[in-house]
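work-v3.cif, holding mmCIF, C-alpha atoms:
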data_run
loop_
_atom_site.label_atom_id
_atom_site.label_comp_id
_atom_site.auth_asym_id
_atom_site.auth_seq_id
_atom_site.Cartn_x
_atom_site.Cartn_y
_atom_site.Cartn_z
CA MET A 1 -15.67 -59.13 -101.75
CA MET A 2 -16.94 -60.94 -98.68
CA SER A 3 -18.39 -64.40 -99.36
CA GLU A 4 -21.14 -63.74 -96.79
CA PRO A 5 -22.35 -60.68 -94.84
CA ILE A 6 -19.90 -59.52 -92.17
CA GLU A 7 -22.31 -60.30 -89.34
CA THR A 8 -22.86 -63.85 -90.58
CA LEU A 9 -19.13 -64.49 -90.85
CA HIS A 10 -18.60 -63.12 -87.35
CA GLU A 11 -21.36 -65.22 -85.82
CA ASN A 12 -20.07 -68.32 -87.64
CA GLN A 13 -16.69 -67.85 -85.97
CA ILE A 14 -18.29 -67.52 -82.53
CA ALA A 15 -20.29 -70.69 -83.13
CA TYR A 16 -17.23 -72.62 -84.30
CA TRP A 17 -15.09 -71.68 -81.29
CA ASN A 18 -17.94 -72.62 -78.95
CA GLY A 19 -18.38 -75.94 -80.71
CA ALA A 20 -15.96 -78.27 -82.47
CA GLY A 21 -13.14 -75.73 -82.67
CA GLY A 22 -13.07 -75.00 -78.97
CA ASP A 23 -13.50 -78.67 -78.04
CA HIS A 24 -10.55 -79.71 -80.23
CA TRP A 25 -8.30 -77.06 -78.71
CA VAL A 26 -9.21 -78.07 -75.17
CA LYS A 27 -8.51 -81.71 -76.00
CA ARG A 28 -5.09 -80.84 -77.42
CA GLN A 29 -4.30 -77.95 -75.08
CA GLU A 30 -1.04 -79.30 -73.70
CA LEU A 31 0.45 -80.21 -77.08
CA THR A 32 -0.76 -76.98 -78.70
CA ASP A 33 0.94 -74.97 -75.95
CA GLN A 34 4.18 -76.78 -76.76
CA VAL A 35 3.82 -76.34 -80.53
CA LEU A 36 3.15 -72.61 -80.24
CA ALA A 37 5.57 -71.87 -77.38
CA PRO A 38 8.19 -70.27 -79.69
CA VAL A 39 5.58 -67.82 -80.98
CA ALA A 40 4.43 -66.88 -77.48
CA GLU A 41 8.02 -66.16 -76.44
CA ILE A 42 8.69 -63.95 -79.46
CA VAL A 43 5.59 -61.80 -79.14
CA LEU A 44 6.00 -61.50 -75.36
CA ASN A 45 9.52 -60.19 -75.83
CA ARG A 46 8.45 -57.76 -78.55
CA ALA A 47 5.63 -56.50 -76.32
CA ALA A 48 8.17 -55.65 -73.59
CA VAL A 49 5.74 -56.57 -70.84
CA ALA A 50 6.79 -54.93 -67.58
CA ALA A 51 6.06 -55.53 -63.91
CA GLY A 52 3.02 -53.66 -62.67
CA GLU A 53 1.32 -53.37 -66.07
CA ARG A 54 -2.28 -54.18 -66.86
CA VAL A 55 -2.81 -56.39 -69.91
CA ILE A 56 -5.80 -57.55 -71.93
CA ASP A 57 -5.07 -60.99 -73.44
CA VAL A 58 -7.38 -61.15 -76.47
CA GLY A 59 -8.30 -64.63 -77.60
CA CYS A 60 -6.55 -66.10 -74.57
CA GLY A 61 -7.68 -69.62 -75.46
CA CYS A 62 -6.78 -72.17 -72.81
CA GLY A 63 -4.62 -69.69 -70.89
CA ALA A 64 -1.02 -70.38 -71.97
CA THR A 65 -0.22 -66.76 -72.82
CA THR A 66 -2.28 -65.50 -69.89
CA SER A 67 -0.05 -67.45 -67.53
CA LEU A 68 3.11 -66.05 -69.13
CA LEU A 69 1.73 -62.50 -69.00
CA ALA A 70 0.80 -62.90 -65.33
CA GLU A 71 4.36 -63.95 -64.54
CA ARG A 72 5.75 -60.87 -66.26
CA VAL A 73 3.41 -58.28 -64.75
CA GLY A 74 3.90 -59.78 -61.29
CA ALA A 75 1.95 -59.21 -58.11
CA THR A 76 1.45 -55.50 -58.80
CA GLY A 77 0.05 -56.01 -62.30
CA ALA A 78 -3.13 -57.54 -63.67
CA VAL A 79 -4.24 -59.57 -66.68
CA LEU A 80 -7.75 -59.72 -68.13
CA ALA A 81 -8.11 -62.94 -70.14
CA ALA A 82 -10.80 -62.60 -72.79
CA ASP A 83 -12.11 -65.23 -75.19
CA VAL A 84 -15.35 -65.90 -77.04
CA SER A 85 -14.95 -69.67 -76.57
CA ALA A 86 -16.64 -70.88 -73.38
CA PRO A 87 -14.93 -74.31 -73.37
CA MET A 88 -11.47 -72.82 -73.87
CA LEU A 89 -11.98 -70.11 -71.28
CA ALA A 90 -13.25 -72.68 -68.78
CA ARG A 91 -10.00 -74.58 -69.26
CA ALA A 92 -8.00 -71.37 -68.75
CA GLU A 93 -9.88 -70.60 -65.52
CA GLN A 94 -9.24 -74.12 -64.27
CA ARG A 95 -5.51 -73.88 -64.99
CA LEU A 96 -5.07 -70.42 -63.50
CA ALA A 97 -7.39 -70.61 -60.49
CA ASP A 98 -4.46 -69.83 -58.19
CA ARG A 99 -3.52 -66.58 -59.97
CA PRO A 100 -5.19 -63.71 -58.05
CA THR A 101 -3.99 -61.10 -60.57
CA VAL A 102 -5.85 -62.80 -63.45
CA SER A 103 -9.52 -62.24 -64.23
CA PHE A 104 -11.59 -63.77 -67.02
CA VAL A 105 -14.36 -62.65 -69.33
CA CYS A 106 -16.17 -64.86 -71.82
CA ALA A 107 -17.03 -62.24 -74.38
CA ASP A 108 -16.71 -61.10 -77.96
CA ALA A 109 -13.83 -58.62 -77.84
CA ALA A 110 -15.30 -56.83 -80.85
CA ARG A 111 -18.23 -55.69 -78.72
CA HIS A 112 -17.31 -56.14 -75.06
CA PRO A 113 -17.41 -52.89 -73.04
CA PHE A 114 -13.85 -52.94 -71.73
CA THR A 115 -13.21 -50.54 -68.86
CA PRO A 116 -12.05 -47.36 -70.60
CA GLY A 117 -8.36 -46.59 -70.17
CA TRP A 118 -7.72 -49.65 -67.99
CA ALA A 119 -4.89 -51.42 -69.83
CA ASP A 120 -1.30 -50.61 -70.73
CA LEU A 121 -1.16 -53.39 -73.33
CA LEU A 122 -3.52 -55.18 -75.69
CA PHE A 123 -1.90 -58.55 -76.40
CA SER A 124 -2.74 -61.54 -78.56
CA ARG A 125 -1.17 -64.70 -79.90
CA PHE A 126 -3.30 -65.61 -82.94
CA GLY A 127 -6.53 -64.34 -81.39
CA VAL A 128 -7.37 -61.33 -83.56
CA MET A 129 -7.82 -62.75 -87.09
CA PHE A 130 -11.41 -63.94 -86.67
CA PHE A 131 -13.40 -60.72 -86.45
CA GLY A 132 -15.98 -60.08 -89.15
CA ASP A 133 -15.16 -56.35 -89.05
CA PRO A 134 -11.62 -56.17 -87.62
CA ALA A 135 -11.29 -52.38 -87.81
CA ALA A 136 -14.42 -51.93 -85.71
CA ALA A 137 -13.21 -54.65 -83.33
CA PHE A 138 -9.85 -52.99 -82.81
CA ALA A 139 -11.54 -49.61 -82.33
CA ASN A 140 -13.64 -51.18 -79.58
CA MET A 141 -10.62 -52.81 -77.93
CA ARG A 142 -8.61 -49.58 -78.15
CA ARG A 143 -11.08 -47.97 -75.74
CA GLY A 144 -9.75 -50.30 -73.08
CA LEU A 145 -6.23 -48.87 -73.44
CA LYS A 146 -4.73 -45.93 -71.65
CA PRO A 147 -3.68 -42.98 -73.80
CA GLY A 148 -0.36 -44.02 -75.29
CA GLY A 149 -1.11 -47.68 -74.52
CA ARG A 150 0.18 -50.24 -76.95
CA VAL A 151 -0.93 -53.28 -78.90
CA ALA A 152 1.23 -56.30 -79.72
CA PHE A 153 0.08 -59.47 -81.44
CA ALA A 154 1.20 -62.37 -83.61
CA CYS A 155 -0.67 -63.40 -86.73
CA TRP A 156 0.05 -65.80 -89.57
CA ARG A 157 1.43 -64.69 -92.90
CA LYS A 158 -0.06 -66.14 -96.10
CA PRO A 159 -0.82 -69.88 -96.39
CA ALA A 160 1.83 -70.43 -99.08
CA GLU A 161 4.45 -69.25 -96.57
CA ASN A 162 3.26 -71.74 -93.94
CA PRO A 163 4.12 -75.35 -94.80
CA TRP A 164 3.23 -76.35 -91.21
CA MET A 165 -0.39 -76.19 -92.40
CA MET A 166 -0.21 -76.65 -96.16
CA VAL A 167 1.95 -79.80 -96.18
CA PRO A 168 -0.52 -81.88 -94.14
CA LEU A 169 -3.56 -80.23 -95.72
CA ASN A 170 -2.36 -81.03 -99.25
CA ALA A 171 -1.74 -84.62 -98.13
CA ALA A 172 -5.35 -84.79 -96.97
CA TYR A 173 -6.51 -83.35 -100.29
CA GLU A 174 -5.19 -86.45 -101.98
CA HIS A 175 -8.25 -88.16 -100.52
CA VAL A 176 -10.91 -85.53 -99.70
CA PRO A 177 -12.30 -82.43 -101.45
CA PRO A 178 -10.65 -79.09 -100.59
CA LEU A 179 -12.21 -76.94 -97.92
CA PRO A 180 -14.15 -73.91 -99.20
CA LYS A 181 -11.69 -71.15 -100.03
CA PRO A 182 -12.34 -68.04 -97.92
CA GLY A 183 -12.53 -64.60 -99.45
CA PRO A 184 -9.42 -62.41 -99.13
CA GLU A 185 -10.89 -60.50 -96.20
CA ASP A 186 -12.99 -63.24 -94.62
CA PRO A 187 -12.14 -64.01 -90.99
CA GLY A 188 -9.83 -66.96 -90.47
CA PRO A 189 -6.30 -67.87 -89.43
CA PHE A 190 -4.67 -66.28 -92.49
CA SER A 191 -6.89 -63.23 -92.87
CA PHE A 192 -4.06 -60.94 -91.68
CA GLY A 193 -1.54 -62.33 -94.17
CA ASP A 194 -1.41 -59.05 -96.13
CA PRO A 195 0.59 -56.50 -94.11
CA GLU A 196 -0.99 -53.58 -95.98
CA ARG A 197 -4.41 -54.77 -94.85
CA VAL A 198 -3.19 -55.09 -91.24
CA THR A 199 -1.84 -51.54 -91.33
CA ARG A 200 -5.10 -50.26 -92.79
CA ILE A 201 -7.16 -52.03 -90.12
CA LEU A 202 -5.15 -50.64 -87.22
CA SER A 203 -4.97 -47.14 -88.68
CA THR A 204 -8.72 -47.10 -89.29
CA ALA A 205 -9.20 -48.23 -85.68
CA GLY A 206 -7.25 -45.22 -84.46
CA PHE A 207 -3.84 -46.72 -83.75
CA GLU A 208 -0.56 -45.00 -84.59
CA ASN A 209 3.05 -46.06 -85.27
CA VAL A 210 2.04 -49.40 -86.76
CA ALA A 211 5.06 -51.69 -87.17
CA ILE A 212 4.96 -55.13 -88.78
CA GLU A 213 7.93 -57.47 -88.49
CA PRO A 214 8.24 -60.77 -90.40
CA VAL A 215 9.47 -63.72 -88.37
CA ASP A 216 10.34 -67.15 -89.77
CA LEU A 217 10.50 -70.15 -87.49
CA ALA A 218 9.91 -73.91 -87.38
CA LEU A 219 7.09 -75.53 -85.44
CA ASP A 220 7.45 -79.02 -84.00
CA LEU A 221 4.09 -80.63 -84.76
CA ALA A 222 5.20 -83.71 -82.83
CA SER A 223 6.17 -81.87 -79.63
CA GLY A 224 9.08 -84.28 -79.38
CA GLY A 225 6.94 -87.38 -79.92
CA GLY A 226 7.99 -88.32 -83.44
CA VAL A 227 6.11 -88.77 -86.71
CA ASP A 228 3.19 -90.72 -85.23
CA ALA A 229 2.58 -87.96 -82.68
CA ALA A 230 2.63 -85.33 -85.43
CA VAL A 231 0.10 -87.34 -87.42
CA SER A 232 -2.20 -87.77 -84.41
CA TYR A 233 -2.01 -84.06 -83.57
CA THR A 234 -2.76 -83.01 -87.16
CA LEU A 235 -5.77 -85.33 -87.38
CA ASP A 236 -7.24 -83.72 -84.24
CA ILE A 237 -6.76 -79.99 -84.71
CA GLY A 238 -6.57 -77.34 -87.43
CA ALA A 239 -7.52 -77.25 -91.09
CA THR A 240 -6.65 -80.88 -91.80
CA SER A 241 -8.97 -81.99 -89.02
CA ARG A 242 -11.76 -79.84 -90.45
CA ALA A 243 -11.24 -81.31 -93.91
CA LEU A 244 -11.82 -84.78 -92.47
CA ASP A 245 -15.07 -84.06 -90.64
CA GLY A 246 -17.48 -86.91 -91.31
CA VAL A 247 -15.22 -89.03 -93.53
CA SER A 248 -15.18 -92.82 -93.41
CA ASP A 249 -12.64 -94.83 -91.44
CA GLU A 250 -11.18 -95.99 -94.75
CA ILE A 251 -10.51 -92.44 -95.93
CA ARG A 252 -9.14 -91.44 -92.54
CA ALA A 253 -6.73 -94.37 -92.71
CA ALA A 254 -5.60 -93.29 -96.18
CA VAL A 255 -5.03 -89.73 -95.00
CA THR A 256 -3.09 -91.04 -92.01
CA ALA A 257 -0.74 -92.92 -94.34
CA SER A 258 -0.28 -89.83 -96.50
CA LEU A 259 0.46 -87.66 -93.48
CA ARG A 260 3.06 -90.10 -92.24
CA ARG A 261 4.70 -90.05 -95.69
CA VAL A 262 4.87 -86.24 -95.97
CA PHE A 263 6.10 -85.76 -92.40
CA VAL A 264 9.08 -88.11 -92.68
CA PRO A 265 11.28 -85.59 -94.59
CA TYR A 266 10.75 -83.08 -91.78
CA ALA A 267 11.57 -85.51 -88.97
CA ASP A 268 14.55 -84.71 -86.77
CA GLY A 269 14.85 -87.17 -83.93
CA GLY A 270 11.60 -86.92 -82.02
CA ARG A 271 10.68 -83.63 -83.64
CA VAL A 272 8.77 -82.96 -86.87
CA LEU A 273 9.80 -79.41 -87.78
CA LEU A 274 7.83 -77.57 -90.44
CA PRO A 275 8.44 -73.97 -91.53
CA ALA A 276 6.07 -71.30 -90.27
CA ALA A 277 5.85 -67.60 -91.07
CA ILE A 278 4.26 -64.96 -88.84
CA TRP A 279 3.93 -61.23 -88.46
CA ILE A 280 4.69 -59.56 -85.14
CA VAL A 281 2.55 -56.44 -85.13
CA SER A 282 2.80 -53.49 -82.77
CA ALA A 283 1.12 -50.11 -82.56
CA LYS A 284 0.17 -47.39 -80.07
CA ALA A 285 -3.02 -45.73 -79.01
CA PRO A 286 -3.03 -41.93 -79.32
#
Give the structure from this file in structure tokens form.
Amino acid sequence: MMSEPIETLHENQIAYWNGAGGDHWVKRQELTDQVLAPVAEIVLNRAAVAAGERVIDVGCGCGATTSLLAERVGATGAVLAADVSAPMLARAEQRLADRPTVSFVCADAARHPFTPGWADLLFSRFGVMFFGDPAAAFANMRRGLKPGGRVAFACWRKPAENPWMMVPLNAAYEHVPPLPKPGPEDPGPFSFGDPERVTRILSTAGFENVAIEPVDLALDLASGGGVDAAVSYTLDIGATSRALDGVSDEIRAAVTASLRRVFVPYADGGRVLLPAAIWIVSAKAP
């Protein structure tokens, strides 16, 4: 059962990504691009992006995947970068101002009137797990695909399979109360952790040939900068950062010490490698 009405959950996500969430990602854009680069490469390869194609990049964020897509479609292709977060999209536009094949729309992809039949590919790296009604959102986005067009995206598996988040978050919980636990189908980073639910969502939205592939990898939370860099990054972005909103300097210092302690076993030279688990999902429009 949903903890709140679907519409409320959806609007809460839009507000978050236009407030603290979007601001944090813009601040840490360069490091986040480095941390998530292995994921972008995997989903790009699975999507088999070809020269001349038109792509909708859903939840494009600060433009890292948009740039990679633009390189692959080349001068004869086009990429529409869509995100609900105004601060993140502004950063993407700034970074990609010299890319004539890229256009931008600050919009809710669940409702935006995409040009019917425009795109060959609907693509996303972690941008599709935040819809209040994901089946309706995907049905709306499918209208922007050509007949036979395809969808390819990456999403997180369940939290227990993702120490990259749970290790630092549990360290923070030594000092602060746990964040509210979302309902099993509430929007959020792990809302697509159940592959049966993902299949149901896409099928209900009208997609066919749904395929879900598990991928295990390690994310370097330090981006080569060592344990202190991993601690700084974790304090600024993600669930651990949210858990520390409004805490005293004393508590923040205690959490910092705990983070440093739990990261040391994962340190490898300048890297701090924590296991991560994702789904690579693909499907086709009829």
Pick out the residues sitting within 8 Å of Ala239 in chain A, and hand them over as a ChimeraX atom specification; count only C-alpha atoms, and ignore anything fewer than 3 positions along from it in its own chain. /A:165,169,242-243
So what does the PyMOL selection byres ((chain A and resi 25) around 9) actually pick up in this one, as an NGL selection string? :A and (20-24 or 26-29 or 32 or 61-62 or 87-88 or 236-238)
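Closest approach to Glu161 in chain A among A:Leu221, A:Val255, A:Leu122, A:Val215 is made by A:Val215 (distances from only C-alpha atoms).
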A:Val198, A:Cys60, A:Ala230, A:Leu68 ranked by distance to Ala81 in chain A, top pick (using all atoms listed in the file): A:Cys60
Sorted by chain and rising residue number, which residues of range 103-198 of chain A lie within 10 Å of range 248-252 of chain A, and what are their closest atom pairs and distances in Å to one decimal, counting only C-alpha atoms, as a Markdown table?
| residue | atom | partner | partner_atom | distance |
| --- | --- | --- | --- | --- |
| A:Ala172 | CA | A:Arg252 | CA | 8.8 |
| A:His175 | CA | A:Ile251 | CA | 6.7 |
| A:Val176 | CA | A:Ile251 | CA | 7.9 |
Matched chain/residue IDs from the PyMOL selection byres ((chain A and resi 56) around 8), as a VMD selection string: chain A and resid 54 to 55 57 to 58 79 to 82 119 121 to 123
Compile the contact shell of Gly59 in chain A as number ranges by chain: residues with an atom at most 12 Å away, counting only C-alpha atoms, same-chain residues fewer than 2 positions apart removed. A: 14, 17, 22, 56-57, 61-66, 80-86, 88-89, 92, 104-110, 122-131, 153-155
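Shortest atom-to-atom contact with Gly269 in chain A among A:Val151, A:Val227, A:Ala15, A:Ala75: A:Val227, counting all atoms listed in the file.
Taking CA of Leu244 in chain A and CA of Tyr173 in chain A as the two end points, the separation is 9.6 Å.
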Result set of the PyMOL selection byres ((chain A and resi 267) around 12) on the coordinates above, as a ChimeraX atom specification: /A:218-231,260-266,268-274
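Residue nearest Asn18 in chain A, chosen from A:Asn209, A:Ala90, A:Leu179, A:Pro100 and counting only C-alpha atoms: A:Ala90.
The smallest atom-to-atom distance between Pro38 in chain A and any of A:Ile212, A:Met166, A:Leu69, A:Ile278, using all atoms listed in the file, is found for A:Ile278.
Nearest residue to Ala48 in chain A among A:Asp120, A:Glu30, A:Asp194, A:Glu174 is A:Asp120, counting only C-alpha atoms.
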Polymer residues at most 8 Å from (-12.1, -53.2, -89.3) by only C-alpha atoms, as a PyMOL selection string: chain A and resi 132-139+201-202+204-205
Considering all atoms listed in the file, return as an MDAnalysis selection string whatever protein or nucleic-acid residues lie within 6 Å of Gly149 in chain A, sequence-local ones (same chain, fewer than 2 positions apart) excluded. chainID A and resid 120:121 145:147 284:285
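When CA of Val39 in chain A is paired with CA of Phe192 in chain A, their separation reads 16.0 Å.
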Quick one: distance from CA of Val281 in chain A to CA of Glu213 in chain A in Å, one decimal? 6.4 Å
Taking all listed atoms of range 250-260 of chain A, build the axis-aligned box, pad each of the six sides by 5 Å, then write its centre and edge lengths in Å to one decimal as JSON.
{"center_x": -4.1, "center_y": -91.8, "center_z": -94.3, "size_x": 24.2, "size_y": 18.3, "size_z": 14.5}
